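Asks: File start35.cif below, mmCIF, C-alpha atoms and all ligand atoms:
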data_model
#
loop_
_atom_site.label_atom_id
_atom_site.label_comp_id
_atom_site.auth_asym_id
_atom_site.auth_seq_id
_atom_site.Cartn_x
_atom_site.Cartn_y
_atom_site.Cartn_z
CA MET A 36 52.22 18.70 36.05
CA SER A 37 54.44 15.70 36.53
CA GLU A 38 54.22 12.37 34.77
CA HIS A 39 53.72 9.20 36.71
CA VAL A 40 54.05 5.62 35.50
CA ARG A 41 52.30 2.80 37.38
CA VAL A 42 53.26 -0.79 36.56
CA LEU A 43 50.51 -2.65 34.70
CA PHE A 44 52.48 -5.74 33.64
CA SER A 45 55.83 -6.39 35.29
CA GLU A 46 58.96 -7.39 33.41
CA GLU A 47 58.44 -10.98 34.59
CA GLN A 48 54.77 -11.08 33.54
CA VAL A 49 55.70 -9.76 30.09
CA ARG A 50 58.53 -12.28 29.76
CA GLU A 51 56.32 -15.22 30.77
CA ARG A 52 53.48 -14.22 28.45
CA ILE A 53 55.84 -13.76 25.50
CA ALA A 54 57.33 -17.20 26.13
CA GLU A 55 53.81 -18.69 26.01
CA MET A 56 53.03 -16.82 22.80
CA GLY A 57 56.27 -18.03 21.23
CA GLN A 58 55.40 -21.63 22.09
CA GLN A 59 51.92 -21.29 20.63
CA ILE A 60 53.20 -19.67 17.43
CA SER A 61 55.88 -22.37 17.08
CA ARG A 62 53.19 -25.06 17.36
CA ASP A 63 50.87 -23.33 14.88
CA TYR A 64 53.61 -22.82 12.29
CA GLU A 65 55.25 -26.23 12.65
CA GLY A 66 56.87 -27.29 9.37
CA LYS A 67 56.74 -23.74 8.02
CA GLN A 68 59.03 -20.73 7.98
CA ILE A 69 57.69 -17.50 9.47
CA HIS A 70 58.46 -14.12 7.94
CA VAL A 71 58.06 -11.71 10.83
CA ILE A 72 57.34 -8.08 10.03
CA CYS A 73 57.91 -5.61 12.83
CA ALA A 74 56.04 -2.33 12.82
CA LEU A 75 58.56 0.27 13.98
CA LYS A 76 59.24 1.70 16.40
CA GLY A 77 56.87 0.46 19.09
CA GLY A 78 56.93 -3.22 18.15
CA VAL A 79 60.69 -3.63 18.23
CA MET A 80 61.22 -4.79 21.83
CA PHE A 81 58.35 -7.24 21.58
CA MET A 82 59.54 -8.58 18.25
CA CYS A 83 63.08 -9.20 19.50
CA ASP A 84 61.94 -11.06 22.63
CA LEU A 85 59.20 -12.96 20.81
CA ALA A 86 61.54 -14.09 18.03
CA LYS A 87 63.85 -15.65 20.66
CA CYS A 88 60.93 -17.77 21.89
CA ILE A 89 59.98 -19.07 18.43
CA THR A 90 61.58 -22.36 17.46
CA VAL A 91 60.58 -22.70 13.77
CA PRO A 92 62.79 -21.12 11.07
CA LEU A 93 62.22 -17.39 10.95
CA THR A 94 63.20 -14.36 8.92
CA MET A 95 62.62 -10.71 9.84
CA ASP A 96 61.87 -7.46 8.12
CA PHE A 97 60.91 -4.00 9.34
CA MET A 98 58.40 -1.43 8.23
CA SER A 99 57.62 2.05 9.47
CA VAL A 100 54.35 3.80 8.72
CA SER A 101 52.81 7.05 9.88
CA SER A 102 49.25 8.33 9.69
CA TYR A 103 48.41 11.29 7.52
CA GLY A 104 47.07 14.33 9.33
CA SER A 105 47.00 15.07 13.03
CA GLY A 106 46.42 12.35 15.58
CA THR A 107 42.86 13.31 16.38
CA THR A 108 41.73 13.50 12.77
CA SER A 109 43.64 10.44 11.58
CA SER A 110 41.85 8.92 8.63
CA GLY A 111 43.87 5.77 8.90
CA ILE A 112 45.46 6.48 5.54
CA VAL A 113 49.05 5.61 6.23
CA LYS A 114 52.24 6.76 4.60
CA ILE A 115 55.12 4.31 4.31
CA VAL A 116 58.11 5.91 5.99
CA LYS A 117 60.29 2.84 5.61
CA ASP A 118 59.18 0.00 3.36
CA LEU A 119 60.14 -3.64 3.66
CA ASP A 120 63.49 -4.71 2.23
CA GLU A 121 62.20 -8.00 0.83
CA SER A 122 59.16 -9.23 -1.08
CA ILE A 123 56.55 -11.07 0.99
CA GLU A 124 55.02 -12.90 -1.97
CA GLY A 125 54.32 -16.54 -1.11
CA LYS A 126 55.54 -16.16 2.48
CA ASP A 127 53.83 -16.95 5.78
CA VAL A 128 53.83 -13.44 7.20
CA LEU A 129 53.32 -12.57 10.86
CA VAL A 130 52.93 -8.86 11.59
CA VAL A 131 54.15 -7.97 15.07
CA GLU A 132 52.65 -4.87 16.69
CA ASP A 133 52.98 -3.23 20.07
CA ILE A 134 49.30 -2.34 20.51
CA VAL A 135 46.03 -2.39 18.59
CA ASP A 136 43.80 0.51 19.58
CA THR A 137 41.40 2.00 17.01
CA GLY A 138 42.75 -0.41 14.41
CA ARG A 139 42.88 2.33 11.76
CA THR A 140 46.61 2.21 11.06
CA LEU A 141 46.70 -1.52 11.17
CA SER A 142 43.76 -2.11 8.88
CA HIS A 143 45.41 0.04 6.24
CA LEU A 144 48.77 -1.64 6.76
CA LEU A 145 47.28 -5.14 6.53
CA GLY A 146 45.41 -4.11 3.38
CA MET A 147 48.65 -2.95 1.77
CA LEU A 148 50.47 -6.14 2.74
CA GLN A 149 47.64 -8.36 1.49
CA GLN A 150 47.98 -6.82 -1.96
CA ARG A 151 51.56 -8.12 -2.09
CA ASN A 152 50.29 -11.72 -2.16
CA PRO A 153 51.69 -13.37 0.95
CA LYS A 154 50.82 -17.05 1.39
CA SER A 155 49.28 -16.16 4.75
CA LEU A 156 49.03 -12.99 6.81
CA GLN A 157 48.45 -13.04 10.55
CA LEU A 158 48.62 -10.43 13.29
CA CYS A 159 50.36 -10.70 16.63
CA THR A 160 50.13 -7.90 19.18
CA LEU A 161 51.50 -7.57 22.69
CA LEU A 162 48.58 -5.42 23.82
CA ASP A 163 45.01 -5.19 22.63
CA LYS A 164 42.70 -2.32 23.63
CA PRO A 165 39.35 -3.53 22.23
CA SER A 166 37.42 -0.66 23.82
CA GLY A 167 39.20 1.76 21.47
CA ARG A 168 38.34 -0.14 18.30
CA VAL A 169 36.83 1.94 15.49
CA VAL A 170 37.59 -0.36 12.57
CA GLU A 171 35.68 -3.63 12.71
CA GLY A 172 36.92 -6.96 11.46
CA ILE A 173 40.58 -6.83 12.47
CA GLU A 174 41.49 -10.38 13.37
CA VAL A 175 44.13 -10.61 16.06
CA ALA A 176 45.56 -14.12 15.86
CA TYR A 177 47.87 -13.69 18.87
CA SER A 178 47.28 -11.21 21.67
CA GLY A 179 49.51 -10.90 24.73
CA PHE A 180 47.27 -8.94 27.06
CA VAL A 181 43.87 -7.31 26.69
CA ILE A 182 43.99 -3.92 28.43
CA PRO A 183 41.36 -1.38 29.49
CA ASP A 184 41.03 2.11 28.04
CA CYS A 185 44.20 3.73 29.38
CA PHE A 186 47.42 5.16 27.97
CA VAL A 187 50.30 2.77 28.37
CA VAL A 188 54.03 3.24 27.95
CA GLY A 189 57.13 1.08 28.19
CA TYR A 190 58.40 -2.01 26.49
CA GLY A 191 58.63 -0.15 23.18
CA LEU A 192 55.64 2.14 23.68
CA ASP A 193 56.33 5.84 23.98
CA TYR A 194 54.95 9.12 25.15
CA ASP A 195 56.58 11.84 23.07
CA GLN A 196 59.30 9.30 22.11
CA ARG A 197 60.20 8.65 25.77
CA TYR A 198 59.65 5.58 27.99
CA ARG A 199 60.26 3.04 25.21
CA ASN A 200 63.14 1.61 27.22
CA LEU A 201 61.12 0.68 30.32
CA PRO A 202 61.34 -3.09 30.77
CA PHE A 203 57.69 -3.27 31.88
CA VAL A 204 54.32 -1.98 30.62
CA GLY A 205 52.98 0.89 32.71
CA ILE A 206 50.01 3.27 32.77
CA LEU A 207 50.99 6.90 32.28
CA SER A 208 49.16 9.53 34.28
CA PHE A 209 49.66 13.22 34.95
CA GLU A 210 49.66 14.64 38.45
CA ASP A 211 49.97 18.17 39.87
P1 LIG B 1 45.52 2.48 15.97
O1 LIG B 1 45.22 1.05 16.34
O2 LIG B 1 44.69 3.43 16.77
O3 LIG B 1 45.50 2.77 14.52
O4 LIG B 1 47.00 2.85 16.35
C1 LIG B 1 47.83 2.07 17.07
C2 LIG B 1 49.03 2.91 17.38
O5 LIG B 1 48.65 3.98 18.25
C3 LIG B 1 50.04 2.08 18.12
O6 LIG B 1 50.97 1.47 17.26
C4 LIG B 1 50.66 3.10 19.05
O7 LIG B 1 51.71 3.75 18.38
C5 LIG B 1 49.56 4.12 19.30
N1 LIG B 1 48.86 3.85 20.58
C6 LIG B 1 47.58 3.46 20.77
N2 LIG B 1 47.30 3.31 22.08
C7 LIG B 1 48.43 3.63 22.74
C8 LIG B 1 48.79 3.67 24.14
O8 LIG B 1 48.02 3.37 25.08
N3 LIG B 1 50.07 4.06 24.42
C9 LIG B 1 50.98 4.38 23.45
N4 LIG B 1 52.21 4.73 23.87
N5 LIG B 1 50.68 4.36 22.14
C10 LIG B 1 49.41 3.98 21.79
#
Take the structure in the file and write it out as structure tokens.
Ligand code: 5GP
Replies:
Amino acid sequence: MSEHVRVLFSEEQVRERIAEMGQQISRDYEGKQIHVICALKGGVMFMCDLAKCITVPLTMDFMSVSSYGSGTTSSGIVKIVKDLDESIEGKDVLVVEDIVDTGRTLSHLLGMLQQRNPKSLQLCTLLDKPSGRVVEGIEVAYSGFVIPDCFVVGYGLDYDQRYRNLPFVGILSFED
């Protein structure tokens, strides 16, 4: 079986959409400072490009979490692999994700961050797969593209740690 990647959003489409998102975020946060939290590793490309399109003062921090148990039986209980370096208390926090699928990991992550008393906590994702949602009530403030139920790679997203470096978002399929 060989792997095949078909372009879903080209490099140019991704760049244009991120520029729009950056403008919108800059307008919404006018007069404030944003503390951007990137969920590693998948969100890193998006975060770097998005940050360059945001014009209000901005600081960054990184967090890495992993789900307990195997992928199929994930309870959404997440383990912090790398915690934030700085406190988020009193800050306007924007969590930047690569993709929201079931919402399990994210709902736990947002819950943990909320307990640390940020002034505000919003979510920004490049891709949103609403058809996969299991956890209700996750509010996505900024969403780049809504995608159908498919497995995507590229632009930070991996399959077995590969494909993160593709400059576009593609659908991965397996062929004989
Ligand atoms: P969930 O929302 O299901 O808790 O988990 C989201 C995480 O699952 C993402 O951060 C990403 O790592 C992974 N994920 C979900 N859908 C996809 C997909 O289509 N492609 C890739 N590469 N990862 C995905």
Asks: Around ligand LIG 1 (chain B), at most 9 Å away and counting only C-alpha atoms and all ligand atoms, which residues are there? Put them as a ChimeraX atom specification, please.
Replies: /A:74-78,102,109,111,132-143,162-164,167-170,182,184-189,191-196,198-199,206-207
Asks: For a quick check of understanding, using all atoms listed in the file, which of A:Ile112, A:Ala176, A:Leu145, A:Val71 has the smallest distance to Val128 (chain A)?
Replies: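 Among the listed residues, the smallest separation from Val128 (chain A) belongs to A:Val71.
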Asks: Extract, using only C-alpha atoms, all DNA, RNA and protein residues at most 8 Å from Val175 (chain A), discarding same-chain residues fewer than 4 positions from it, and format them as a list in words.
Replies: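 Final neighbour list, sorted by chain and number: Gln157, Leu158, Cys159 and Thr160 of chain A.
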Asks: Could you give me the axis-aligned bounding box of region 119-132 of chain A, with 3 Å of padding per side, as centre plus edge lengths in Å to one decimal, as lines of an AutoDock Vina configuration file?
Replies:
center_x = 58.1
center_y = -10.3
center_z = 7.4
size_x = 16.8
size_y = 19.3
size_z = 24.7
Asks: I'd like the neighbourhood of Leu148 (chain A) as a ChimeraX atom specification, where a residue qualifies if any of its atoms comes within 12 Å (using all atoms listed in the file), though same-chain residues fewer than 6 positions away should be ignored.
Replies: /A:72,98,115,118-119,122-130,141-142,154-158
Asks: List the neighbours of region 88-90 of chain A out to 6 Å using all atoms listed in the file; skip same-chain residues closer than 3 positions along the sequence, and give me the result as a list in words.
Replies: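 The residues that qualify are Ala54, Gly57, Ser61 and Leu85 of chain A.
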Asks: Quick one, how far is CA of Lys87 (chain A) from CA of Phe44 (chain A)?
Replies: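 Calculated distance between CA of Lys87 (chain A) and CA of Phe44 (chain A) is 19.9 Å.
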Asks: Distance CA of Asp63 (chain A)-CA of Gly146 (chain A), one decimal place?
Replies: 23.1 Å
Asks: Hey, can you check how far CA of Ile173 (chain A) sits from CA of Leu144 (chain A)?
Replies: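 Computing it gives 11.3 Å between the two atoms.
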Asks: So that I can see what lies close to Gln48 (chain A), please list as a PyMOL selection string the residues with an atom at most 12 Å from it, counting all atoms listed in the file and leaving out residues fewer than 2 positions away in the same chain.
Replies: chain A and resi 42-46+50-55+161+179-180+202-204
Asks: When you count all atoms listed in the file, which of these residues is closest to Ser166 (chain A): A:Val49, A:Ser178, A:Pro183, A:Asp120?
Replies: A:Pro183
